Amino acid sequence: MNLDFTDEELAFRRQVREWVAAKLPPDIRDKVRAAATLSRDDHQRWAQLLGQQGWLAAGWPRAFGGPGWSAVQKHLFEEECALAGAPRIIPFGPVMVAPVIMAFGTPEQQRRFLPAIASGEVWWSQGYSEPGAGSDLASLKTRAERRGGVYVVNGQKTWTTLAQYGDWIFCLVRTGTEGKPQAGISFLLIDMKSPGISVRPIVMLDGEPEINEVFFDDVEVPAENLIGEENKGWSYAKLLLAHERTNIADVNRAKRELERLKAIAKAEGVWDEPRLRDQIALLEVDIVALEMLVLRVLSAEKSGKQSLDIAGLLKIRGSEIQQRYAELMMIAGGPYTVALRREAAGAGWQSADAHLAPLTGSYLNLRKTTIYGGSNEVQRNIVAQTVLGA
């Protein structure tokens, strides 16, 4: 395993760093570095700037309009964006549904949907979890009944991240009831402007309506929006979930937040407190170890070897690290972090402790990371079976 970057890869890193420094809007950068709330416009502005450069579709092959980067180039691109203070790419379109459309969609579906995803024009949402069907996703009950040239969809999705902004939603729906539960699931693309769709916000512990319930009441979906074969959606969903779990690891954001943690500890005068320094050092070691695991996978792919199926392992370690740096920020900030001030999450907050104001919201928000994308308890079982052979 060779973890040294080539001269060409280092030149690519410099190219990305220079472009991001020139193009990232300062107001968005400042919000990200201060952990302030980003608006839909903030996300879309950055996505469309990347789209104009052809970089929103960073992981796509050239045949589908992507830059054709190697896995190592994509990693370097994501690292430079994170360290510069760029927002995370909202993954539902370019990272999750796009690979499914590439792999299983028809040529017409690929021509119809992929360009608008690559440009940042269309915001996608993910319709998977339901009440009673979260970690046990195969128990989903949202029903799609074929009636001539349309599917009529009835049911409910929940925990749908940023669905209030969605233009389209990809959904797992039940189209069959025979055999195993997984056998009767299909993968539908649904226009969220369709009559019969309603979105209701769920206000989380941090006071933000980041997640939503989505209701379908006799929603008519053209049959041409079915991806692949009817009742085969579970197979397509597994490909998407691997992308989601790898994305949750987010080692590049962890590296940026580690530096933010150190800055908070120094600003609050606790940097020299030995026990806190020990915990920060342990966190840094684990972030480096996670990065080495990611680079190990990339090195295997680069040399043409088959890497282990470790998406679940990346998700476990990455999500736990996110919770740890949020907790250490709270400890470093002390009592000034306790009050949850929603107005502090927006732009324009001016206070001597402004850097502490968003910490409670971030801490509470990140409690979700070990649950979504498949709870860590479930992921440990998957890792035991697929990686360890237990």
# chains A, B, ... in the order shown; residues from 1 in each chain; ligands from 1
call {"tool": "residues_around", "arguments": {"residues": "Met96 in chain A", "least_positions_apart": "3", "cutoff": "6 Å", "atoms": "only C-alpha atoms", "output": "PDB file with N, CA and C atoms, in the first residue's frame"}}
result
ATOM      1  N   PHE A  92     -27.841  13.889  -1.844  1.00  0.00           N
ATOM      2  CA  PHE A  92     -28.945  13.070  -2.327  1.00  0.00           C
ATOM      3  C   PHE A  92     -29.002  12.968  -3.849  1.00  0.00           C
ATOM      4  N   GLY A  93     -28.652  14.052  -4.546  1.00  0.00           N
ATOM      5  CA  GLY A  93     -28.635  14.006  -5.997  1.00  0.00           C
ATOM      6  C   GLY A  93     -27.347  13.438  -6.562  1.00  0.00           C
ATOM      7  N   LEU A 240     -27.071   2.420  -3.253  1.00  0.00           N
ATOM      8  CA  LEU A 240     -27.186   3.788  -2.770  1.00  0.00           C
ATOM      9  C   LEU A 240     -26.764   3.896  -1.312  1.00  0.00           C
TER      10      LEU A 240
END
call {"tool": "select_by_dssp", "arguments": {"residues": "range 80-251 of chain A", "states": "alpha helix (DSSP H)", "output": "ChimeraX atom specification"}}
result
/A:80-84,98-104,107-119,233-249,251
call {"tool": "write_last_selection", "arguments": {"atoms": "C-alpha atoms", "output": "compact mmCIF listing (two decimals), in the first residue's frame"}}
result
# COMPACT_ATOMS: atom_id res chain seq x y z
CA GLU A 80 -9.53 20.96 -0.19
CA CYS A 81 -13.17 22.05 -0.22
CA ALA A 82 -13.62 21.13 3.44
CA LEU A 83 -10.43 22.83 4.61
CA ALA A 84 -11.34 25.99 2.68
CA ALA A 98 -27.18 9.61 -9.66
CA PRO A 99 -25.13 6.35 -9.37
CA VAL A 100 -28.40 4.39 -9.24
CA ILE A 101 -29.67 6.12 -12.40
CA MET A 102 -26.32 5.47 -14.10
CA ALA A 103 -26.31 1.80 -13.14
CA PHE A 104 -29.97 0.86 -13.55
CA PRO A 107 -30.77 5.87 -21.49
CA GLU A 108 -33.78 8.19 -21.57
CA GLN A 109 -33.81 8.49 -17.76
CA GLN A 110 -30.10 9.20 -17.78
CA ARG A 111 -30.51 11.97 -20.37
CA ARG A 112 -33.50 13.39 -18.50
CA PHE A 113 -32.19 13.48 -14.93
CA LEU A 114 -28.40 13.47 -14.81
CA PRO A 115 -27.62 16.87 -16.43
CA ALA A 116 -29.83 18.76 -13.96
CA ILE A 117 -28.17 16.95 -11.05
CA ALA A 118 -24.66 17.70 -12.36
CA SER A 119 -25.47 21.40 -12.79
CA GLY A 233 -35.69 -1.82 -5.88
CA TRP A 234 -34.03 -3.37 -2.83
CA SER A 235 -30.99 -4.32 -4.90
CA TYR A 236 -30.70 -0.76 -6.20
CA ALA A 237 -31.16 0.66 -2.70
CA LYS A 238 -28.17 -1.31 -1.38
CA LEU A 239 -25.89 0.41 -3.89
CA LEU A 240 -27.19 3.79 -2.77
CA LEU A 241 -26.82 2.98 0.93
CA ALA A 242 -23.15 2.11 0.43
CA HIS A 243 -22.61 5.60 -1.02
CA GLU A 244 -24.57 7.15 1.86
CA ARG A 245 -22.60 5.37 4.58
CA THR A 246 -19.25 6.21 3.02
CA ASN A 247 -20.35 9.85 2.74
CA ILE A 248 -21.33 9.95 6.44
CA ALA A 249 -17.71 9.16 7.41
CA VAL A 251 -13.14 12.53 7.33
call {"tool": "closest_residue", "arguments": {"among": "A:Arg45, A:Arg147, A:His75, A:Arg200", "to": "Leu162 in chain A", "atoms": "only C-alpha atoms"}}
result
A:Arg200
call {"tool": "closest_residue", "arguments": {"among": "A:Phe170, A:Gly149, A:Trp159, A:Asp278", "to": "Pro222 in chain A", "atoms": "only C-alpha atoms"}}
result
A:Gly149
call {"tool": "atom_distance", "arguments": {"atom1": "CA of Gly334 in chain A", "atom2": "CA of Glu259 in chain A"}}
result
18.0 Å
call {"tool": "residues_around", "arguments": {"residues": "Ile197 in chain A", "least_positions_apart": "4", "cutoff": "12 Å", "atoms": "only C-alpha atoms", "output": "list in words"}}
result
Val152, Val153, Asn154, Gly155, Gln156, Lys157, Ala163, Gln164, Gly166, Asp167, Trp168, Ile169, Ile190, Asp191, Met192, Lys193, Glu213, Val214, Phe215, Phe216, Asp217, Asp218, Val219, Glu220 and Val221 of chain A
call {"tool": "write_last_selection", "arguments": {"atoms": "C-alpha atoms", "output": "PDB file, in the first residue's frame"}}
result
ATOM      1  CA  VAL A 152     -50.628   5.706  -7.588  1.00  0.00           C
ATOM      2  CA  VAL A 153     -48.616   6.235  -4.394  1.00  0.00           C
ATOM      3  CA  ASN A 154     -50.049   6.357  -0.873  1.00  0.00           C
ATOM      4  CA  GLY A 155     -48.139   6.422   2.390  1.00  0.00           C
ATOM      5  CA  GLN A 156     -45.677   8.364   4.478  1.00  0.00           C
ATOM      6  CA  LYS A 157     -41.928   8.900   4.678  1.00  0.00           C
ATOM      7  CA  ALA A 163     -37.417  17.876   2.136  1.00  0.00           C
ATOM      8  CA  GLN A 164     -38.780  21.417   2.441  1.00  0.00           C
ATOM      9  CA  GLY A 166     -36.826  19.288  -2.521  1.00  0.00           C
ATOM     10  CA  ASP A 167     -37.740  19.468  -6.197  1.00  0.00           C
ATOM     11  CA  TRP A 168     -37.689  15.681  -6.670  1.00  0.00           C
ATOM     12  CA  ILE A 169     -37.600  12.730  -4.300  1.00  0.00           C
ATOM     13  CA  ILE A 190     -41.255  11.455  -7.894  1.00  0.00           C
ATOM     14  CA  ASP A 191     -41.735  15.131  -8.703  1.00  0.00           C
ATOM     15  CA  MET A 192     -42.420  16.830  -5.351  1.00  0.00           C
ATOM     16  CA  LYS A 193     -44.706  19.348  -7.041  1.00  0.00           C
ATOM     17  CA  GLU A 213     -42.465  14.012   7.226  1.00  0.00           C
ATOM     18  CA  VAL A 214     -43.597  13.573   3.622  1.00  0.00           C
ATOM     19  CA  PHE A 215     -47.136  12.369   2.912  1.00  0.00           C
ATOM     20  CA  PHE A 216     -48.396  10.830  -0.347  1.00  0.00           C
ATOM     21  CA  ASP A 217     -52.132  10.910  -0.947  1.00  0.00           C
ATOM     22  CA  ASP A 218     -53.099   9.318  -4.291  1.00  0.00           C
ATOM     23  CA  VAL A 219     -50.003  10.772  -5.933  1.00  0.00           C
ATOM     24  CA  GLU A 220     -49.813   9.808  -9.610  1.00  0.00           C
ATOM     25  CA  VAL A 221     -46.299   9.014 -10.817  1.00  0.00           C
TER      26      VAL A 221
END
call {"tool": "residues_around", "arguments": {"residues": "Gly176 in chain A", "least_positions_apart": "5", "cutoff": "12 Å", "atoms": "only C-alpha atoms", "output": "ChimeraX atom specification"}}
result
/A:140-146,181-186,230-233
call {"tool": "write_last_selection", "arguments": {"atoms": "C-alpha atoms", "output": "PDB file, in the first residue's frame"}}
result
ATOM      1  CA  LEU A 140     -41.803  -0.130   4.583  1.00  0.00           C
ATOM      2  CA  LYS A 141     -45.513   0.226   3.787  1.00  0.00           C
ATOM      3  CA  THR A 142     -45.767   3.143   1.341  1.00  0.00           C
ATOM      4  CA  ARG A 143     -47.721   1.563  -1.498  1.00  0.00           C
ATOM      5  CA  ALA A 144     -47.442   2.154  -5.250  1.00  0.00           C
ATOM      6  CA  GLU A 145     -50.244   0.591  -7.293  1.00  0.00           C
ATOM      7  CA  ARG A 146     -49.863   0.348 -11.062  1.00  0.00           C
ATOM      8  CA  PRO A 181     -40.386  -8.195   2.252  1.00  0.00           C
ATOM      9  CA  GLN A 182     -37.373  -7.065   0.214  1.00  0.00           C
ATOM     10  CA  ALA A 183     -38.765  -8.762  -2.885  1.00  0.00           C
ATOM     11  CA  GLY A 184     -41.758  -6.443  -3.245  1.00  0.00           C
ATOM     12  CA  ILE A 185     -39.976  -3.071  -3.209  1.00  0.00           C
ATOM     13  CA  SER A 186     -39.515  -0.751  -6.188  1.00  0.00           C
ATOM     14  CA  GLU A 230     -40.553  -3.547 -10.622  1.00  0.00           C
ATOM     15  CA  ASN A 231     -39.956  -5.318  -7.281  1.00  0.00           C
ATOM     16  CA  LYS A 232     -36.168  -5.108  -7.727  1.00  0.00           C
ATOM     17  CA  GLY A 233     -35.685  -1.816  -5.875  1.00  0.00           C
TER      18      GLY A 233
END
call {"tool": "atom_distance", "arguments": {"atom1": "CA of Gly312 in chain A", "atom2": "CA of Leu137 in chain A"}}
result
15.9 Å
call {"tool": "closest_residue", "arguments": {"among": "A:Glu121, A:Asp30, A:Glu9, A:Glu229", "to": "Gln52 in chain A", "atoms": "only C-alpha atoms"}}
result
A:Glu121
call {"tool": "closest_atom_pairs", "arguments": {"of": "range 8-65 of chain A", "to": "range 355-367 of chain A", "cutoff": "7 Å", "atoms": "only C-alpha atoms", "output": "CSV"}}
result
residue,atom,partner,partner_atom,distance
A:Ala34,CA,A:His355,CA,6.4
A:Ala35,CA,A:Pro358,CA,6.4
A:Ala36,CA,A:Pro358,CA,6.8
call {"tool": "closest_residue", "arguments": {"among": "A:Asp7, A:Glu273, A:Glu320, A:Glu268", "to": "Asp250 in chain A", "atoms": "only C-alpha atoms"}}
result
A:Glu320
call {"tool": "select_by_dssp", "arguments": {"residues": "range 23-253 of chain A", "states": "strand (DSSP E or B)", "output": "ChimeraX atom specification"}}
result
/A:124-127,130,133,143-147,150-161,168-174,185-191,197-202,211-222,226-227
call {"tool": "atom_distance", "arguments": {"atom1": "CA of Gln126 in chain A", "atom2": "CA of Val378 in chain A"}}
result
20.1 Å
call {"tool": "closest_residue", "arguments": {"among": "A:Val72, A:Ala63, A:Ala281, A:Asn212", "to": "Leu295 in chain A", "atoms": "only C-alpha atoms"}}
result
A:Val72
call {"tool": "decode", "arguments": {"residues": "range 173-219 of chain A", "atoms": "N, CA and C atoms", "output": "short mmCIF file (atom, residue, chain, number, x, y, z; two decimals), in the first residue's frame"}}
result
data_model
loop_
_atom_site.label_atom_id
_atom_site.label_comp_id
_atom_site.auth_asym_id
_atom_site.auth_seq_id
_atom_site.Cartn_x
_atom_site.Cartn_y
_atom_site.Cartn_z
N VAL A 173 -40.80 2.13 -2.57
CA VAL A 173 -42.25 1.92 -2.41
C VAL A 173 -42.56 0.44 -2.55
N ARG A 174 -43.66 0.03 -1.94
CA ARG A 174 -44.03 -1.38 -2.02
C ARG A 174 -44.96 -1.59 -3.21
N THR A 175 -44.55 -2.49 -4.09
CA THR A 175 -45.34 -2.84 -5.27
C THR A 175 -45.75 -4.30 -5.26
N GLY A 176 -45.24 -5.08 -4.29
CA GLY A 176 -45.60 -6.49 -4.19
C GLY A 176 -45.60 -6.94 -2.75
N THR A 177 -46.34 -8.01 -2.47
CA THR A 177 -46.47 -8.50 -1.10
C THR A 177 -46.10 -9.97 -0.96
N GLU A 178 -45.70 -10.62 -2.04
CA GLU A 178 -45.37 -12.04 -1.98
C GLU A 178 -43.89 -12.24 -1.69
N GLY A 179 -43.59 -13.32 -0.98
CA GLY A 179 -42.20 -13.64 -0.69
C GLY A 179 -41.62 -12.77 0.42
N LYS A 180 -40.30 -12.67 0.44
CA LYS A 180 -39.63 -11.85 1.45
C LYS A 180 -40.01 -10.39 1.27
N PRO A 181 -40.01 -9.61 2.37
CA PRO A 181 -40.39 -8.19 2.25
C PRO A 181 -39.54 -7.44 1.23
N GLN A 182 -38.25 -7.77 1.15
CA GLN A 182 -37.37 -7.06 0.21
C GLN A 182 -37.78 -7.29 -1.24
N ALA A 183 -38.46 -8.39 -1.50
CA ALA A 183 -38.77 -8.76 -2.88
C ALA A 183 -39.88 -7.91 -3.50
N GLY A 184 -40.63 -7.20 -2.70
CA GLY A 184 -41.76 -6.44 -3.24
C GLY A 184 -41.55 -4.95 -3.25
N ILE A 185 -40.28 -4.50 -3.30
CA ILE A 185 -39.98 -3.07 -3.21
C ILE A 185 -39.47 -2.56 -4.56
N SER A 186 -39.95 -1.37 -4.93
CA SER A 186 -39.52 -0.75 -6.19
C SER A 186 -38.95 0.64 -5.92
N PHE A 187 -38.22 1.17 -6.89
CA PHE A 187 -37.50 2.43 -6.77
C PHE A 187 -38.12 3.43 -7.73
N LEU A 188 -38.79 4.46 -7.19
CA LEU A 188 -39.51 5.45 -7.99
C LEU A 188 -38.90 6.84 -7.84
N LEU A 189 -38.89 7.60 -8.92
CA LEU A 189 -38.51 9.02 -8.90
C LEU A 189 -39.79 9.84 -8.99
N ILE A 190 -39.98 10.75 -8.02
CA ILE A 190 -41.26 11.46 -7.89
C ILE A 190 -41.02 12.96 -7.86
N ASP A 191 -41.74 13.67 -8.70
CA ASP A 191 -41.73 15.13 -8.70
C ASP A 191 -42.47 15.62 -7.46
N MET A 192 -41.80 16.40 -6.60
CA MET A 192 -42.42 16.83 -5.35
C MET A 192 -43.46 17.92 -5.54
N LYS A 193 -43.61 18.40 -6.76
CA LYS A 193 -44.71 19.35 -7.04
C LYS A 193 -45.98 18.62 -7.44
N SER A 194 -45.95 17.30 -7.44
CA SER A 194 -47.12 16.51 -7.83
C SER A 194 -48.26 16.73 -6.84
N PRO A 195 -49.51 16.83 -7.33
CA PRO A 195 -50.67 16.93 -6.43
C PRO A 195 -50.71 15.73 -5.49
N GLY A 196 -51.02 16.01 -4.22
CA GLY A 196 -51.14 14.95 -3.23
C GLY A 196 -49.93 14.79 -2.34
N ILE A 197 -48.85 15.53 -2.61
CA ILE A 197 -47.67 15.48 -1.74
C ILE A 197 -47.71 16.65 -0.77
N SER A 198 -47.53 16.35 0.51
CA SER A 198 -47.43 17.40 1.52
C SER A 198 -46.23 17.13 2.41
N VAL A 199 -45.59 18.20 2.84
CA VAL A 199 -44.37 18.11 3.66
C VAL A 199 -44.64 18.80 4.99
N ARG A 200 -44.36 18.10 6.08
CA ARG A 200 -44.56 18.68 7.41
C ARG A 200 -43.24 18.63 8.17
N PRO A 201 -42.76 19.79 8.66
CA PRO A 201 -41.44 19.82 9.32
C PRO A 201 -41.46 19.13 10.68
N ILE A 202 -40.31 18.58 11.03
CA ILE A 202 -40.06 18.03 12.38
C ILE A 202 -38.96 18.89 12.99
N VAL A 203 -39.29 19.62 14.04
CA VAL A 203 -38.31 20.48 14.69
C VAL A 203 -37.44 19.62 15.60
N MET A 204 -36.14 19.69 15.40
CA MET A 204 -35.22 18.84 16.15
C MET A 204 -34.77 19.51 17.44
N LEU A 205 -33.91 18.80 18.18
CA LEU A 205 -33.45 19.31 19.47
C LEU A 205 -32.73 20.65 19.35
N ASP A 206 -32.08 20.87 18.19
CA ASP A 206 -31.37 22.14 18.03
C ASP A 206 -32.28 23.27 17.59
N GLY A 207 -33.58 23.00 17.49
CA GLY A 207 -34.54 24.03 17.13
C GLY A 207 -34.74 24.22 15.64
N GLU A 208 -34.06 23.41 14.81
CA GLU A 208 -34.15 23.57 13.36
C GLU A 208 -35.03 22.49 12.74
N PRO A 209 -35.82 22.84 11.72
CA PRO A 209 -36.64 21.85 11.01
C PRO A 209 -35.86 21.19 9.88
N GLU A 210 -34.75 20.56 10.23
CA GLU A 210 -33.90 19.96 9.20
C GLU A 210 -34.53 18.73 8.57
N ILE A 211 -35.35 18.03 9.34
CA ILE A 211 -35.98 16.82 8.83
C ILE A 211 -37.49 17.02 8.75
N ASN A 212 -38.13 16.14 7.99
CA ASN A 212 -39.54 16.33 7.68
C ASN A 212 -40.27 15.00 7.55
N GLU A 213 -41.60 15.09 7.65
CA GLU A 213 -42.47 14.01 7.23
C GLU A 213 -42.98 14.36 5.83
N VAL A 214 -43.07 13.37 4.97
CA VAL A 214 -43.60 13.57 3.62
C VAL A 214 -44.76 12.61 3.43
N PHE A 215 -45.92 13.16 3.07
CA PHE A 215 -47.14 12.37 2.91
C PHE A 215 -47.51 12.28 1.43
N PHE A 216 -47.96 11.08 1.03
CA PHE A 216 -48.40 10.83 -0.35
C PHE A 216 -49.85 10.39 -0.31
N ASP A 217 -50.69 11.18 -0.94
CA ASP A 217 -52.13 10.91 -0.95
C ASP A 217 -52.61 10.81 -2.39
N ASP A 218 -52.70 9.57 -2.90
CA ASP A 218 -53.10 9.32 -4.29
C ASP A 218 -52.23 10.11 -5.28
N VAL A 219 -50.94 10.07 -5.06
CA VAL A 219 -50.00 10.77 -5.93
C VAL A 219 -49.76 9.94 -7.20
#
